[in-house]
Amino acid sequence: MVCRKKNVGPPGESRAQPQNRQIGILGFLKVHNNGSGAAEARDAVGPAQHSADQTCLTLRVLATSDVHAHLRGFDYARGVEVDDWGLTRVATCVDRARADAQVSVLLDNGDMLQGTPLAEFFSDAACDGPHPVLLAMEAMGYDAIGLGNHEFNYGLGWLERVLDDTRIPVLCANVLTRKGAHPERDQALRPARAILQRQVVDPQTGEACALRIGVLSVLPVQVMNWDGANLLGRVETRDMVDAARVHAERLRQDGADLVIALAHTGIDPCGTHPQAENAAVALARVPEIDALVTGHTHRVFPGDAPKEPGIDQVAGTLHGTPTVMPGFRGSHLGVIDLDLTRMEGRWRVERSHVQALSVKGVPEDDGLMRLVEPAHQATLDYIHQPLAETSRPIHSYLSQIRDDRPTRLVALAQRAFVKARLSGTEFDDLPLLSASAPYQTGGRAGPYAYIDIPAGPLTMREATSIYPFPNTLCAVRATGAELREWLDRAASAFGQILPGQGDQPLLNGAFPGHAVDTLYGLTYRIDLTLPPTYDDKGVRIAPVGTPSRVVNLMYDGASIAARDEFVVAVNGYRAYGGGPYAPVATDRIVLQTEPCALQSVADYLSAGGADVEESGPTWSFLPVAGACGVFETGPGLADHGDEVAGLGLMLDGLTEDGFLSVRTPLDHRSCESAA
């Protein structure tokens with residue numbers, strides 16, 4: 001990949017200016033637009049409310065977050081049109097909201113460049129020219145963008161090139177090329193802050209004047225764990241709240257009338273400690289911040305947040321600070337209306353009104369559809385590349401409760417990739433295992449976010465469904481004791497099941513599916529009658545000395561000793577401490593690659609790996625007499641009647657959210673069933 005080096009100066013205001021240029025992406029896009037935004041659409045979601053007070057000027061802050069490259073209302077995994085997400089629908093809402101506003105700004109809160117096969121395709125070095133997501137945002141007239149953690153998935157060089165090719169100011173105050181003794185002395189990877197200026201009329205005097213809107217951006221410091229392979233030794237981070245406080249103060253000193261924080265972080269009442277991942281509550285208490293755009297957790301606010309003091313679901317405020325979280329995939333447009341009055345030559349916020357407007361059923365904007373259509377078609381060509389065939393269905397409806405095919409396929413693909421690269425090295429003689437987790441298990445993405453591949457042809461679409469993340473691959477050394485600890489963290493995702501108590505929740509909903517690792521190459525059982533050892537953050541909750549839930553841990557039919565040495569193929573996200581797992585010491589990482597986990601799966605499928613004979617489950621539950629585990633999965637499980645019957649599952653109908661409620665007996669027969 002050829003990258004153009006960017007000049008990085010000290011943190012300050014972004015001075016990016018629009019410029020005329022020819023646009024091209026792989027020769028697919030030849031676009032002529034005036035940057036005026038989306039085409040008119042009068043049947044969009046109704047306008048947000050704002051003040052009728054004639055002494056106030058209303059600033060409308062429009063915001064998106066966690067778009068994850070969902071340009072259109074199209075589900076690439078299922079190959080179907082959908083009506084409840086996509087930037088093309090957001091554009092329609094933006095057009096209507098602007099038309100009803102006195103003055104407005106349009107902002108994005110990060111995680112826009114990763115998340116679909118379109119993003120994967122345009123991460124390739126051969127894809128020169130503007131990125132289609134940023135091209136669409138330029139056409140919509142975004143005023144500024146903050147970085148999210150997933151922007152770093154494809155490496156710093158790639159990100160640098162892509163961001164240098166957009167006219168939109170891209171901000172980030174706490175990812176640093178050099179960390180100073182104080183935030184003022186930091187050198188940020190991107191400008192830390194910007195001031196957007198609007199010419200307005202003072203409603204009290206009728207005189208023309210300026211409104212100066214300060215914007216800053218921060219993201220979780222945990223990005224150094226999640227993308228350690230791309231970032232360690234290249235950049236540093238600073239705590240979100242520390243950085244935001246200093247740069248908000250600096251914006252005021254530089255003449256900003258108000259400050260908006262783009263905070264790629266969630267709303268957690270406990271997220272007030274230093275280095276917190278979800279620190280929106282703490283950021284809302286920074287005095288100089290007037291409004292907050294949050295994200296990262298893919299929730300919607302107002303509407304979906306803990307009911308705790310200081311969190312007002314009606315007013316849309318955190319400790320009095322107007323706050324919005326606009327879902328993900330372009331599912332919502334965040335709207336914060338700030339009623340401003342002018343005193344002594346400066347504007348100040350008097351009142352606010354906050355909404356998160358759903359795009360469900362909103363028409364897609366015709367102009368933006370035409371703009372992104374070539375990129376969409378290129379993506380369809382990419383995902384329809386043939387790879388192989390499978391004689392059996394591949395689905396993830398049961399991946400969280402058993403050793404399942406998609407998880408096994410990923411593990412075997414990783415192991416084949418790593419084995420070839422360690423051949424002839426000093427690690428060649430060590431037992432090689434592979435760690436994998438289920439990646440499509442519903443959750444906040446909804447009841448259709450599961451793998452469901454019928455028997456027949458396999459293409460890149462199926463490969464991206466099985467492995468949707470642009471992870472690096474690593475090989476790490478681990479002892480028997482470390483393997484047991486690893487599996488104890490995974491086994492903590494299950495609830496404690498008591499004998500003789502009938503129906504009981506099988507899964508702890510705080511754990512996402514991708515937090516539940518399986519170590520292929522071993523065999524073991526999980527004792528659900530014991531309490532979990534860790535919480536979903538990886539904090540130990542069981543007293544020291546509590547027996548491990550992982551029993552009968554064996555390799556090649558023999559029990560594993562604490563000091564036995566192994567090599568484990570694993571993705572970089574996990575190796576560097578992603579999820580409820582401790583990071584592996586850097587001197588224990590024996591192999592590290594560029595992002596290639598998806599390619600390893602594609603290569604494995606092409607080599608006939610989909611139909612590799614399975615020797616039996618890697619893990620299973622120990623029987624629990626008189627107990628039945630209850631869990632939710634996608635309704636598509638009902639189409640796999642043979643498996644449902646073979647496992648003795650009982651389907652109890654759909655929940656309000658559209659998931660299928662299932663009961664599984666935890667007696668001897670069901671626990672011994674093969675995956």
# chains A, B, ... in the order shown; residues from 1 in each chain; ligands from 1
>>> residues_around(residues="region 504-516 of chain A", least_positions_apart="5", cutoff="7 Å", atoms="only C-alpha atoms", output="PyMOL selection string")
chain A and resi 400+437-439+441+490+493-495+497+536+579-580+628-631
>>> write_last_selection(atoms="C-alpha atoms", output="PDB file, in the first residue's frame")
ATOM      1  CA  GLN A 400     -22.909 -19.849  22.513  1.00  0.00           C
ATOM      2  CA  ALA A 437     -15.136 -17.387  19.524  1.00  0.00           C
ATOM      3  CA  PRO A 438     -18.581 -17.088  17.896  1.00  0.00           C
ATOM      4  CA  TYR A 439     -18.921 -13.762  16.078  1.00  0.00           C
ATOM      5  CA  THR A 441     -24.791 -14.213  17.890  1.00  0.00           C
ATOM      6  CA  ALA A 490     -14.710 -17.856  28.779  1.00  0.00           C
ATOM      7  CA  ALA A 493     -20.212 -16.220  30.344  1.00  0.00           C
ATOM      8  CA  PHE A 494     -22.545 -18.953  31.615  1.00  0.00           C
ATOM      9  CA  GLY A 495     -24.889 -18.474  34.543  1.00  0.00           C
ATOM     10  CA  ILE A 497     -27.080 -23.573  37.308  1.00  0.00           C
ATOM     11  CA  ASP A 536     -17.852  -9.436  31.774  1.00  0.00           C
ATOM     12  CA  GLY A 579     -12.700  -8.509  25.950  1.00  0.00           C
ATOM     13  CA  PRO A 580     -12.543  -9.970  29.470  1.00  0.00           C
ATOM     14  CA  CYS A 628     -32.928 -26.837  32.253  1.00  0.00           C
ATOM     15  CA  GLY A 629     -30.991 -23.966  30.665  1.00  0.00           C
ATOM     16  CA  VAL A 630     -32.966 -21.142  29.036  1.00  0.00           C
ATOM     17  CA  PHE A 631     -31.430 -18.919  26.352  1.00  0.00           C
TER      18      PHE A 631
END
>>> closest_atom_pairs(of="region 368-485 of chain A", to="region 544-548 of chain A", cutoff="12 Å", atoms="only C-alpha atoms", output="CSV")
residue,atom,partner,partner_atom,distance
A:Ala481,CA,A:Ser548,CA,11.2
A:Leu483,CA,A:Ser548,CA,11.9
A:Arg484,CA,A:Ser548,CA,8.1
A:Glu485,CA,A:Ser548,CA,8.5
>>> write_last_selection(atoms="N, CA, C and O atoms", output="mmCIF file, in the first residue's frame")
data_model
loop_
_atom_site.group_PDB
_atom_site.id
_atom_site.type_symbol
_atom_site.label_atom_id
_atom_site.label_comp_id
_atom_site.auth_asym_id
_atom_site.auth_seq_id
_atom_site.Cartn_x
_atom_site.Cartn_y
_atom_site.Cartn_z
ATOM 1 N N ALA A 481 -1.331 -23.767 32.956
ATOM 2 C CA ALA A 481 -2.038 -22.930 33.931
ATOM 3 C C ALA A 481 -2.698 -21.743 33.241
ATOM 4 O O ALA A 481 -3.828 -21.360 33.576
ATOM 5 N N LEU A 483 -3.712 -21.630 30.128
ATOM 6 C CA LEU A 483 -4.839 -22.119 29.339
ATOM 7 C C LEU A 483 -6.078 -22.305 30.206
ATOM 8 O O LEU A 483 -7.197 -21.962 29.803
ATOM 9 N N ARG A 484 -5.901 -22.830 31.409
ATOM 10 C CA ARG A 484 -7.045 -23.011 32.305
ATOM 11 C C ARG A 484 -7.637 -21.649 32.688
ATOM 12 O O ARG A 484 -8.864 -21.487 32.727
ATOM 13 N N GLU A 485 -6.777 -20.687 32.953
ATOM 14 C CA GLU A 485 -7.239 -19.336 33.272
ATOM 15 C C GLU A 485 -8.009 -18.740 32.086
ATOM 16 O O GLU A 485 -9.060 -18.110 32.254
#
>>> closest_residue(among="A:Arg563, A:Lys537, A:Arg461, A:Arg178", to="Gly577 (chain A)", atoms="only C-alpha atoms")
A:Lys537
>>> select_by_dssp(residues="region 441-491 of chain A", states="strand (DSSP E)", output="PyMOL selection string")
chain A and resi 452-453+456-459+472-479
>>> residues_around(residues="Leu333 (chain A)", least_positions_apart="2", cutoff="9 Å", atoms="only C-alpha atoms", output="tab-separated table (two decimals) with all heavy atoms, in the first residue's frame")
chain	number	residue	atom	x	y	z
A	62	LEU	N	-26.74	17.93	14.58
A	62	LEU	CA	-27.13	16.65	13.99
A	62	LEU	C	-25.94	15.71	14.08
A	62	LEU	O	-24.81	16.11	13.78
A	62	LEU	CB	-27.56	16.84	12.54
A	62	LEU	CG	-28.65	17.89	12.29
A	62	LEU	CD1	-28.87	18.09	10.80
A	62	LEU	CD2	-29.94	17.49	12.99
A	63	ALA	N	-26.19	14.47	14.46
A	63	ALA	CA	-25.05	13.59	14.73
A	63	ALA	C	-25.37	12.14	14.39
A	63	ALA	O	-26.49	11.65	14.57
A	63	ALA	CB	-24.65	13.68	16.20
A	64	THR	N	-24.34	11.45	13.90
A	64	THR	CA	-24.36	10.00	13.72
A	64	THR	C	-23.21	9.40	14.51
A	64	THR	O	-22.26	10.09	14.88
A	64	THR	CB	-24.22	9.62	12.24
A	64	THR	OG1	-23.08	10.29	11.68
A	64	THR	CG2	-25.46	9.99	11.46
A	65	SER	N	-23.29	8.10	14.74
A	65	SER	CA	-22.20	7.39	15.41
A	65	SER	C	-22.28	5.92	15.03
A	65	SER	O	-23.36	5.39	14.77
A	65	SER	CB	-22.30	7.54	16.93
A	65	SER	OG	-21.16	6.99	17.58
A	90	VAL	N	-30.28	8.09	6.59
A	90	VAL	CA	-29.91	9.21	7.46
A	90	VAL	C	-29.89	10.51	6.65
A	90	VAL	O	-30.32	11.55	7.14
A	90	VAL	CB	-28.53	8.95	8.10
A	90	VAL	CG1	-28.05	10.19	8.86
A	90	VAL	CG2	-28.58	7.76	9.05
A	93	CYS	N	-33.19	12.15	6.49
A	93	CYS	CA	-33.52	12.80	7.77
A	93	CYS	C	-32.72	14.09	7.96
A	93	CYS	O	-33.24	15.08	8.47
A	93	CYS	CB	-33.25	11.84	8.92
A	93	CYS	SG	-34.29	10.37	8.92
A	94	VAL	N	-31.46	14.07	7.55
A	94	VAL	CA	-30.62	15.26	7.67
A	94	VAL	C	-31.19	16.40	6.84
A	94	VAL	O	-31.27	17.55	7.27
A	94	VAL	CB	-29.17	14.95	7.26
A	94	VAL	CG1	-28.36	16.23	7.07
A	94	VAL	CG2	-28.50	14.06	8.29
A	325	MET	N	-27.13	9.59	21.86
A	325	MET	CA	-26.43	8.43	21.31
A	325	MET	C	-27.30	7.87	20.19
A	325	MET	O	-28.37	7.32	20.44
A	325	MET	CB	-26.17	7.36	22.38
A	325	MET	CG	-25.35	6.18	21.84
A	325	MET	SD	-25.11	4.82	23.03
A	325	MET	CE	-24.05	5.59	24.23
A	326	PRO	N	-26.85	8.01	18.93
A	326	PRO	CA	-27.71	7.69	17.79
A	326	PRO	C	-27.58	6.28	17.24
A	326	PRO	O	-27.46	6.07	16.03
A	326	PRO	CB	-27.29	8.74	16.76
A	326	PRO	CG	-25.86	9.02	17.07
A	326	PRO	CD	-25.67	8.80	18.55
A	327	GLY	N	-27.60	5.27	18.10
A	327	GLY	CA	-27.62	3.89	17.66
A	327	GLY	C	-26.39	3.49	16.87
A	327	GLY	O	-25.27	3.94	17.15
A	330	GLY	N	-26.25	3.52	11.14
A	330	GLY	CA	-27.12	4.52	10.56
A	330	GLY	C	-28.57	4.25	10.89
A	330	GLY	O	-29.47	4.52	10.09
A	331	SER	N	-28.83	3.73	12.09
A	331	SER	CA	-30.19	3.42	12.51
A	331	SER	C	-30.94	4.64	13.01
A	331	SER	O	-32.18	4.66	13.02
A	331	SER	CB	-30.18	2.36	13.62
A	331	SER	OG	-29.54	2.86	14.80
A	335	VAL	N	-30.31	14.35	17.32
A	335	VAL	CA	-30.65	15.77	17.19
A	335	VAL	C	-30.59	16.41	18.57
A	335	VAL	O	-31.30	15.98	19.49
A	335	VAL	CB	-32.05	15.96	16.59
A	335	VAL	CG1	-32.37	17.45	16.43
A	335	VAL	CG2	-32.18	15.25	15.25
A	355	GLN	N	-33.30	14.44	20.79
A	355	GLN	CA	-34.01	13.31	20.20
A	355	GLN	C	-33.03	12.39	19.48
A	355	GLN	O	-32.01	12.85	18.97
A	355	GLN	CB	-35.04	13.76	19.16
A	355	GLN	CG	-36.15	14.63	19.67
A	355	GLN	CD	-37.10	14.99	18.54
A	355	GLN	OE1	-38.03	14.26	18.24
A	355	GLN	NE2	-36.84	16.12	17.91
A	356	ALA	N	-33.38	11.12	19.43
A	356	ALA	CA	-32.70	10.16	18.54
A	356	ALA	C	-33.77	9.65	17.59
A	356	ALA	O	-34.64	8.87	17.98
A	356	ALA	CB	-32.07	9.02	19.34
A	357	LEU	N	-33.73	10.13	16.35
A	357	LEU	CA	-34.77	9.84	15.38
A	357	LEU	C	-34.46	8.55	14.62
A	357	LEU	O	-33.42	8.44	13.97
A	357	LEU	CB	-34.89	10.99	14.38
A	357	LEU	CG	-35.21	12.37	14.95
A	357	LEU	CD1	-35.23	13.41	13.84
A	357	LEU	CD2	-36.54	12.35	15.68
A	358	SER	N	-35.36	7.58	14.68
A	358	SER	CA	-35.19	6.33	13.95
A	358	SER	C	-35.37	6.58	12.46
A	358	SER	O	-36.22	7.37	12.03
A	358	SER	CB	-36.22	5.30	14.42
A	358	SER	OG	-36.20	4.16	13.59
A	359	VAL	N	-34.57	5.88	11.64
A	359	VAL	CA	-34.70	5.99	10.19
A	359	VAL	C	-35.59	4.88	9.63
A	359	VAL	O	-35.75	4.80	8.40
A	359	VAL	CB	-33.33	5.96	9.49
A	359	VAL	CG1	-32.39	6.98	10.09
A	359	VAL	CG2	-32.71	4.56	9.54
>>> atom_distance(atom1="CA of Leu654 (chain A)", atom2="CA of Glu632 (chain A)")
8.9 Å
>>> select_by_dssp(residues="region 310-464 of chain A", states="alpha helix (DSSP H)", output="PyMOL selection string")
chain A and resi 366-383+405-422+460-464
>>> residues_around(residues="Leu107 (chain A)", least_positions_apart="4", cutoff="12 Å", atoms="only C-alpha atoms", output="VMD selection string")
chain A and resid 60 to 66 94 112 137 to 138 140 to 147 168 to 171 194 196 213 to 217 260 to 263 292 to 294 324 326 333 to 336
>>> closest_residue(among="A:Ala569, A:Val221, A:Val662, A:Met240", to="Thr633 (chain A)", atoms="only C-alpha atoms")
A:Val662
>>> residues_around(residues="region 453-460 of chain A", least_positions_apart="6", cutoff="12 Å", atoms="only C-alpha atoms", output="PyMOL selection string")
chain A and resi 76-79+117-118+120-121+379-397+405-406+466-468+598-611+636-637+639-640
>>> closest_residue(among="A:Ala192, A:Val539, A:Leu219, A:Ile526", to="Asp111 (chain A)", atoms="only C-alpha atoms")
A:Leu219
>>> closest_residue(among="A:Thr518, A:Asn153, A:Thr317, A:Asn225", to="Leu409 (chain A)", atoms="only C-alpha atoms")
A:Thr518
>>> closest_residue(among="A:Asp124, A:Asp517, A:Asp503, A:Asp227", to="Tyr573 (chain A)", atoms="only C-alpha atoms")
A:Asp227
>>> atom_distance(atom1="CA of Leu318 (chain A)", atom2="CA of Glu249 (chain A)")
19.6 Å
>>> residues_around(residues="region 475-477 of chain A", least_positions_apart="4", cutoff="6 Å", atoms="only C-alpha atoms", output="CSV table (one decimal) with N, CA and C atoms, in the first residue's frame")
chain,number,residue,atom,x,y,z
A,566,PHE,N,2.5,-24.7,25.3
A,566,PHE,CA,1.8,-24.8,24.1
A,566,PHE,C,2.0,-23.5,23.3
A,567,VAL,N,1.6,-23.5,22.0
A,567,VAL,CA,1.5,-22.4,21.1
A,567,VAL,C,0.0,-22.3,20.7
A,568,VAL,N,-0.5,-21.1,20.8
A,568,VAL,CA,-2.0,-20.9,20.5
A,568,VAL,C,-2.1,-19.9,19.3
A,569,ALA,N,-2.8,-20.3,18.3
A,569,ALA,CA,-3.1,-19.3,17.2
A,569,ALA,C,-4.3,-18.5,17.7
A,588,ARG,N,5.9,-13.1,24.8
A,588,ARG,CA,5.2,-14.4,24.6
A,588,ARG,C,4.5,-14.5,23.2
A,589,ILE,N,4.5,-13.4,22.5
A,589,ILE,CA,3.9,-13.4,21.1
A,589,ILE,C,5.0,-13.8,20.2
A,590,VAL,N,4.9,-14.9,19.5
A,590,VAL,CA,5.9,-15.5,18.7
A,590,VAL,C,5.7,-15.3,17.2
A,591,LEU,N,4.5,-14.8,16.8
A,591,LEU,CA,4.1,-14.5,15.4
A,591,LEU,C,3.1,-13.4,15.4
